[in-house]
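Asks: Got a structure for you, questions after.
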Amino acid sequence: MIWRPWRRVIWADMGFSVNLVESGSEMASEKHTVLIAGGGPAALSAALYAARYGMDHIVLESWKPGGQAALTAEIENYPGFISIAGAELTAKMKEQAERAGAVFRMESVETAEEAENGIVVRTDSGEYHGDYLIIATGAAPATLGIPGEDEYYGRGVSFCATCDAPFFRNRRAIVVGGGDSAVKEALHLTHVVSQLGLVHRRDRLRAEPYLAEKLVSNEKVTTYWNSHLREIKGDGQGVTAAVIETPGGMKTVETDGVFLYVGTKPATEPFRSLVELTEKGAVLTRNIVGTSNPRVFAAGDVTDNGFRQVVTAVSDGARAAAAIFDRIQAYD
């Protein structure tokens, strides 16, 4: 079974000192100065700076550290590294944060709301009260809503080439999308598959020119410009073909797998009552990391900031932690 990334949204929450309740007893209730929700680069950076500032905090993550960045096969634009696997980079980030004193808890945030003099976050394992909250829960892959997409999820349809490429060794695959994520994952697949189709709704890719040229010039790649994936077909066991609407009409292309990179959906559902969101569900930010709620800050892909890269996510996380520290200092 192929792993289901978008159903494993990464959350992480707050932070003060902790006294856990034994398993089987009442759920834990803790108080912290800073709650950090998320597990990706923004949350890891916020945790590092919260620890370095000596602020009582906790990070709640429901899956593994690193977020979507950890699923990227190769990152070539993070300063200091010519090339590094996303999982390796984010593992280094977490190790650095832990060395500074960051505290992590593997729990899923279910609800978050205002309480007297702070924020209360409830997870699948406990309740956390914080003076401040940093939302850094990232975004999950968006879907197309076409026939066959749900039916063959895990049986040929994937949202993570880094995770699932081994299933398609010497087989055929199609990537849908034209941004950095689509192109990076497509490049990763070229090392594994026998043939790769690239479906993009425009006549050129939106990804970095260097990456785009590297992909389209690969002899394994067939591009379908100004085209849309309309249906994924299968034999009941797995994917067998993709129906693509091209400028020349409908075309059925035989394939063993379809990888979708058609945007993301911010993971903000637990925070809807706390902060103002955009129409697309992203946290509406003020002064980069501030929100409509003075006790809540946001960082990384969960925000409405347009340029979404690992380097900007870690910057957001640092800014959010620094903003809270400055506010605490001003009140002392």
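Please note that chains go A, B, ... in the order of the structure tokens, that every chain numbers its residues from 1, and that ligands are numbered from 1 in the order shown.
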Using DSSP secondary structure from the backbone, list all strand (DSSP E) positions within segment 43-289 of chain A, as number ranges by chain.
Replies: A: 57-60, 104-105, 109-115, 118-123, 126-135, 139-141, 157-158, 172-176, 195-199, 221-224, 228-234, 239-246, 249-254, 257-260, 264-266
Asks: Extract, using only C-alpha atoms, all DNA, RNA and protein residues at most 8 Å from segment 35-48 of chain A, discarding same-chain residues fewer than 4 positions from it, and format them as a PyMOL selection string.
Replies: chain A and resi 10-16+52+57-70+90+93-94+96-98+100-103+109+128-138+299-300+310+313-321
Asks: Tell me which protein, DNA and RNA residues are within 10 Å of Lys280 of chain A, counting only C-alpha atoms, leaving out same-chain ones fewer than 5 positions away, and put them as a PyMOL selection string.
Replies: chain A and resi 264-266+304
Asks: So which bits of segment 8-212 of chain A end up helix (DSSP H, G or I) when you DSSP the backbone, as a PyMOL selection string?
Replies: chain A and resi 41-52+67-71+86-100+161-168+180-190+209-212
Asks: Given the choices A:Thr255, A:Thr190, A:Ser217, A:Ser29, which gets closest to Arg172 of chain A if the distance is worked out from only C-alpha atoms?
Replies: A:Thr255
Asks: Nearest to Val253 of chain A: which of A:Tyr210, A:Tyr224, A:Tyr331, A:Phe271 is it, counting only C-alpha atoms?
Replies: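 Once distances to Val253 of chain A are computed over only C-alpha atoms, the minimum belongs to A:Tyr224.
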Asks: Could you name the residues that touch segment 226-240 of chain A at 12 Å or less, counting only C-alpha atoms, but leaving out those on the same chain fewer than 3 positions away, as a compact mmCIF listing (two decimals) with C-alpha atoms, in the first residue's frame?
Replies:
```txt
# COMPACT_ATOMS: atom_id res chain seq x y z
CA MET A 1 0.00 0.00 0.00
CA ILE A 2 1.36 3.41 -0.95
CA THR A 143 -6.67 16.86 -5.13
CA LEU A 144 -8.25 17.17 -8.58
CA GLY A 145 -11.58 15.50 -7.85
CA ILE A 146 -11.51 13.46 -11.06
CA PRO A 147 -12.75 9.91 -11.66
CA GLY A 148 -10.31 7.26 -10.46
CA GLU A 149 -8.35 9.57 -8.18
CA ASP A 150 -9.77 8.23 -4.92
CA GLU A 151 -10.39 4.73 -6.21
CA TYR A 152 -6.75 4.15 -7.10
CA TYR A 153 -5.14 6.08 -4.31
CA GLY A 154 -2.46 3.79 -2.92
CA ARG A 155 -2.72 1.60 -6.01
CA GLY A 156 -0.98 3.83 -8.51
CA VAL A 157 -2.12 7.31 -7.52
CA SER A 158 0.33 9.12 -5.26
CA PHE A 167 7.03 0.97 -6.61
CA PHE A 168 7.51 2.24 -10.17
CA ARG A 171 7.53 1.19 -15.12
CA ARG A 172 5.61 4.15 -16.59
CA ALA A 173 4.40 7.17 -14.67
CA ILE A 174 2.75 10.55 -15.19
CA VAL A 175 3.30 13.71 -13.15
CA VAL A 176 0.63 16.43 -13.11
CA GLY A 177 1.76 19.97 -12.26
CA GLY A 178 4.29 22.60 -13.22
CA GLY A 197 4.72 11.94 -18.87
CA LEU A 198 4.37 15.52 -17.63
CA VAL A 199 0.92 17.13 -17.79
CA HIS A 200 0.74 20.89 -17.31
CA ARG A 201 -2.16 23.26 -17.89
CA ARG A 202 0.10 26.00 -19.29
CA ASP A 203 2.62 26.16 -22.14
CA ARG A 204 5.61 26.48 -19.82
CA LEU A 205 6.60 25.40 -16.33
CA THR A 223 5.39 16.76 -22.10
CA VAL A 243 -7.14 10.34 -19.91
CA ILE A 244 -5.62 13.70 -20.83
CA GLU A 245 -7.41 16.60 -22.46
CA THR A 246 -4.89 18.10 -24.89
CA PRO A 247 -5.22 20.93 -27.44
CA GLY A 248 -5.69 18.18 -30.04
CA GLY A 249 -8.45 16.41 -28.14
CA MET A 250 -8.76 13.65 -25.58
CA LYS A 251 -5.81 11.28 -25.38
CA THR A 252 -5.58 8.03 -23.41
CA VAL A 253 -2.03 7.35 -22.27
CA GLU A 254 -1.03 4.00 -20.83
CA THR A 255 0.67 4.37 -17.44
CA ASP A 256 1.25 2.51 -14.21
CA GLY A 257 1.14 5.50 -11.90
CA VAL A 258 -0.04 9.09 -11.56
CA PHE A 259 1.65 11.61 -9.26
CA LEU A 260 -0.35 14.75 -8.47
CA TYR A 261 1.21 18.13 -7.61
CA VAL A 262 -1.64 20.56 -8.21
```
Asks: Excluding Leu215 of chain A and any residue of its chain fewer than 4 positions from it, enumerate the residues within 10 Å of it, using only C-alpha atoms, and give them as number ranges by chain.
Replies: A: 183-184, 186-188, 190, 198, 209-211, 219-223
Asks: Given only C-alpha atoms as the basis, pick out the residue of A:Gly86, A:Gly281, A:Pro270, A:Gly290 nearest to Glu185 of chain A.
Replies: A:Gly86
Asks: If I take atom CA of Tyr49 of chain A and atom CA of Arg308 of chain A, how far is one from the other in Å, to one decimal?
Replies: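 Going from atom CA of Tyr49 of chain A over to atom CA of Arg308 of chain A, I get 20.3 Å.
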Asks: Excluding segment 283-287 of chain A and its own-chain neighbours fewer than 2 positions away, which residues fall within 8 Å of it when counting only C-alpha atoms? Please give them as a PyMOL selection string.
Replies: chain A and resi 268+275-278+281+289-292+298+302-305
